[in-house]
2 protein chains.
Amino acid sequence: MRLSKLTDYATVILSVIAKNNSCVHSAVGMAEVTGIAQPTVSKVLKLLVKAKVLISVRGAKGGYRLARSPEKISVAAVINALEGPIALTECSASHHACEQARGCEIQGNWDLINKTVHNALESVTLADLILPVRPPREINIPVASLYR
Amino acid sequence: MRLSKLTDYATVILSVIAKNNSCVHSAVGMAEVTGIAQPTVSKVLKLLVKAKVLISVRGAKGGYRLARSPEKISVAAVINALEGPIALTECSASHHACEQARGCEIQGNWDLINKTVHNALESVTLADLILPVRPPREINIPVASLYR
DNA sequence: TATAACTAGGACCATTTTAGTACTATTTAA
DNA sequence: TTAAATAGTACTAAAATGGTCCTAGTTATA
Ligand code: FES
Ligand code: FES
């Protein structure tokens, strides 16, 4: 139940970029600002480009910039870029491919849980992350009620 | 963003127990029913006892039974038993211990995301898992709204 | 046109984590 | 007394992760 370090890095890096998206940011520059080793920063940036979260500009004076506004980049998208699709269990990841246990009928329920977690992460954007922390105003209506 | 296999096993095993909690269940018995290797089943069961999700009865005719009713055993508790506290990021896990990146001020926001995911998992119980799947009736109000 | 400053895309290895197994000790019903 | 159970721990093999490095391609600009 942990995000990988790379995903953590990604959010930090993206936050920096989001705060000033008017110009492009180079990998070395980002490494200096964040304190993360440059090769690692590059790795993360490349993955984010591949997932179309960032756009790259090659050549001298090149660098990276957001592919869309921070409001449209969800945490779920970032996780997806670094770790692949959000799927808590094997069953949810590849339908019908799970033969872990006989007599298991909870697959469908896992799907629901998955969707809930996914929704939660989908609804938080980069724009939210760079804001100062505020206490919640609305309370989350939990999934349990879905079942009762 | 995956649960470990052991956690997956745990939910399957717990589901079986939950469906008939009047008698105790032995590790070998559970292994036969679920098709999971017996030593692995034992490992999972021991962890669940340690986390007070299950109660064990030692000696001949011993076995395991739920520590409380299925409605009171959340998925979050199960994950916690197998994988430790739910903390998506290093920052959330150990406060002030994260020195991954300089100039990072999103820690507090991660905390909120964490809580949201935790809430979602806390609100799904073992009782829900063993029910036939139903489409959601109420919609989750996502965290994003917390920030806007 | 040459150069320097960039990114693209792999390949690679060390480390850590995970999964699974095994062993010994303890408990208890029959 | 014995057999059927769990408790606890240690161990190994396999997989995932983190991190680095190398080569190739692109482009502004001196
Ligand atoms: S855990 Fe895979 S089918 Fe239920
Ligand atoms: S990621 Fe650790 S302090 Fe921000």
# chains A, B, ... in the order shown; residues from 1 in each chain; ligands from 1
>>> residues_around(residues="DA13 (chain D)", least_positions_apart="6", cutoff="12 Å", atoms="only C-alpha atoms (C1' of nucleotides)", output="MDAnalysis selection string")
chainID C and resid 18:21
>>> residues_around(residues="Asn20 (chain A)", least_positions_apart="2", cutoff="12 Å", atoms="only C-alpha atoms (C1' of nucleotides)", output="JSON, numbers by chain")
{"A": [13, 14, 15, 16, 17, 18, 22, 23, 24, 25, 64, 65, 66, 69, 70, 127, 130]}
>>> write_last_selection(atoms="N, CA and C atoms", output="tab-separated table (two decimals), in the first residue's frame")
chain	number	residue	atom	x	y	z
A	13	ILE	N	8.50	16.78	-8.56
A	13	ILE	CA	8.98	17.40	-9.80
A	13	ILE	C	7.85	18.15	-10.50
A	14	LEU	N	6.72	17.47	-10.60
A	14	LEU	CA	5.58	18.10	-11.29
A	14	LEU	C	5.11	19.35	-10.55
A	15	SER	N	5.18	19.30	-9.25
A	15	SER	CA	4.78	20.48	-8.48
A	15	SER	C	5.63	21.67	-8.85
A	16	VAL	N	6.92	21.44	-8.94
A	16	VAL	CA	7.84	22.53	-9.28
A	16	VAL	C	7.50	23.08	-10.66
A	17	ILE	N	7.30	22.18	-11.61
A	17	ILE	CA	6.97	22.62	-12.96
A	17	ILE	C	5.64	23.37	-12.98
A	18	ALA	N	4.69	22.85	-12.23
A	18	ALA	CA	3.34	23.44	-12.24
A	18	ALA	C	3.36	24.88	-11.72
A	22	SER	N	5.28	28.46	-17.59
A	22	SER	CA	5.42	29.31	-18.76
A	22	SER	C	6.67	28.99	-19.56
A	23	CYS	N	7.72	28.58	-18.89
A	23	CYS	CA	8.94	28.21	-19.60
A	23	CYS	C	9.20	26.72	-19.43
A	24	VAL	N	10.11	26.19	-20.23
A	24	VAL	CA	10.43	24.76	-20.10
A	24	VAL	C	11.48	24.56	-19.01
A	25	HIS	N	11.49	23.36	-18.47
A	25	HIS	CA	12.42	23.04	-17.39
A	25	HIS	C	13.31	21.88	-17.81
A	64	TYR	N	11.12	20.43	-20.38
A	64	TYR	CA	9.80	19.84	-20.23
A	64	TYR	C	8.79	20.86	-19.77
A	65	ARG	N	7.56	20.65	-20.19
A	65	ARG	CA	6.47	21.48	-19.69
A	65	ARG	C	5.21	20.63	-19.60
A	66	LEU	N	4.26	21.07	-18.82
A	66	LEU	CA	3.04	20.29	-18.64
A	66	LEU	C	2.29	20.12	-19.95
A	69	SER	N	-3.16	21.90	-18.35
A	69	SER	CA	-3.13	22.71	-17.13
A	69	SER	C	-3.15	21.81	-15.89
A	70	PRO	N	-2.57	22.29	-14.81
A	70	PRO	CA	-2.46	21.52	-13.57
A	70	PRO	C	-3.80	20.98	-13.08
A	127	ALA	N	-3.01	20.85	-9.40
A	127	ALA	CA	-3.37	22.17	-8.91
A	127	ALA	C	-3.66	22.13	-7.41
A	130	ILE	N	-0.31	21.80	-5.17
A	130	ILE	CA	0.58	22.94	-4.95
A	130	ILE	C	-0.07	24.03	-4.10
>>> interface_residues(of="chain D", to="chain A", cutoff="6 Å", atoms="only C-alpha atoms (C1' of nucleotides)", output="ChimeraX atom specification")
/D:26-28
>>> select_by_dssp(residues="region 1-146 of chain A", states="alpha helix (DSSP H)", output="ChimeraX atom specification")
/A:5-19,27-34,38-50,75-83,90-93,107-122,126-129,144-146
>>> select_by_dssp(residues="region 13-140 of chain B", states="strand (DSSP E or B)", output="list in words")
His25, Leu54, Ile55, Ser56, Val57, Gly63, Tyr64, Arg65, Leu66, Ser74 and Thr125 of chain B
>>> closest_atom_pairs(of="chain C", to="chain A", cutoff="6 Å", atoms="only C-alpha atoms (C1' of nucleotides)", output="JSON lines")
{"residue": "C:DA5", "atom": "C1'", "partner": "A:Ala60", "partner_atom": "CA", "distance": 4.4}
{"residue": "C:DC6", "atom": "C1'", "partner": "A:Gly59", "partner_atom": "CA", "distance": 4.5}
{"residue": "C:DT7", "atom": "C1'", "partner": "A:Arg58", "partner_atom": "CA", "distance": 5.1}
>>> write_last_selection(atoms="N, CA and C atoms (P, O5', C5', C4', C3', O3' and C1' of nucleotides)", output="compact mmCIF listing (two decimals), in the first residue's frame")
# COMPACT_ATOMS: atom_id res chain seq x y z
P DA C 5 27.23 23.63 -22.77
O5' DA C 5 25.66 23.42 -22.82
C5' DA C 5 24.84 24.45 -23.35
C4' DA C 5 23.47 23.89 -23.64
C3' DA C 5 22.88 23.05 -22.50
O3' DA C 5 21.50 23.36 -22.38
C1' DA C 5 22.88 21.80 -24.49
P DC C 6 20.83 23.29 -20.95
O5' DC C 6 19.57 22.37 -21.19
C5' DC C 6 19.77 20.96 -21.35
C4' DC C 6 18.95 20.47 -22.52
C3' DC C 6 18.31 19.12 -22.28
O3' DC C 6 17.07 19.26 -21.66
C1' DC C 6 19.31 19.23 -24.46
P DT C 7 16.47 17.96 -20.89
O5' DT C 7 15.89 17.03 -22.06
C5' DT C 7 14.85 17.51 -22.90
C4' DT C 7 14.59 16.51 -24.01
C3' DT C 7 14.00 15.18 -23.55
O3' DT C 7 13.00 14.75 -24.48
C1' DT C 7 16.02 14.79 -24.69
>>> closest_residue(among="B:Val49, B:Leu121, B:Leu88, B:Ile55", to="chain A", atoms="only C-alpha atoms")
B:Leu88
>>> atom_distance(atom1="C1' of DA8 (chain C)", atom2="CA of Pro85 (chain A)")
23.2 Å
>>> atom_distance(atom1="CA of Met30 (chain B)", atom2="CA of Ala76 (chain B)")
22.2 Å
>>> closest_residue(among="A:Ala67, A:Ala31, A:Val124, A:Ile79", to="chain B", atoms="only C-alpha atoms")
A:Val124
>>> closest_residue(among="B:Ala77, B:Val33, B:Leu47, B:Ala10", to="chain A", atoms="only C-alpha atoms")
B:Val33
>>> closest_residue(among="B:Lys50, B:Asn119, B:Ser74, B:Lys19", to="DA7 (chain D)", atoms="only C-alpha atoms (C1' of nucleotides)")
B:Lys50
>>> residues_around(residues="DG10 (chain C)", least_positions_apart="6", cutoff="12 Å", atoms="only C-alpha atoms (C1' of nucleotides)", output="PyMOL selection string")
(chain A and resi 43) or (chain D and resi 21-24)
>>> write_last_selection(atoms="N, CA, C and O atoms (P, O5', C5', C4', C3', O3' and C1' of nucleotides)", output="compact mmCIF listing (two decimals), in the first residue's frame")
# COMPACT_ATOMS: atom_id res chain seq x y z
N LYS A 43 14.85 9.91 -15.65
CA LYS A 43 14.01 8.71 -15.78
C LYS A 43 12.55 9.03 -15.54
O LYS A 43 11.66 8.65 -16.30
P DC D 21 26.97 6.65 -12.78
O5' DC D 21 26.96 6.01 -14.25
C5' DC D 21 26.96 4.58 -14.38
C4' DC D 21 26.79 4.20 -15.84
C3' DC D 21 27.42 5.18 -16.84
O3' DC D 21 28.21 4.45 -17.74
C1' DC D 21 25.17 4.71 -17.43
P DC D 22 29.28 5.22 -18.64
O5' DC D 22 28.82 4.76 -20.09
C5' DC D 22 28.24 3.46 -20.27
C4' DC D 22 27.49 3.41 -21.57
C3' DC D 22 28.03 4.36 -22.64
O3' DC D 22 28.20 3.68 -23.86
C1' DC D 22 25.71 4.68 -22.37
P DT D 23 29.05 4.39 -25.04
O5' DT D 23 27.97 4.48 -26.22
C5' DT D 23 27.09 3.38 -26.45
C4' DT D 23 25.93 3.85 -27.29
C3' DT D 23 26.32 4.81 -28.42
O3' DT D 23 25.67 4.41 -29.62
C1' DT D 23 24.62 5.75 -27.12
P DA D 24 25.96 5.20 -31.00
O5' DA D 24 24.54 5.86 -31.28
C5' DA D 24 23.36 5.11 -31.01
C4' DA D 24 22.15 6.01 -31.19
C3' DA D 24 22.28 6.98 -32.35
O3' DA D 24 21.05 7.01 -33.07
C1' DA D 24 21.81 8.16 -30.38
>>> atom_distance(atom1="CA of Asp128 (chain B)", atom2="CA of Ile86 (chain A)")
21.4 Å
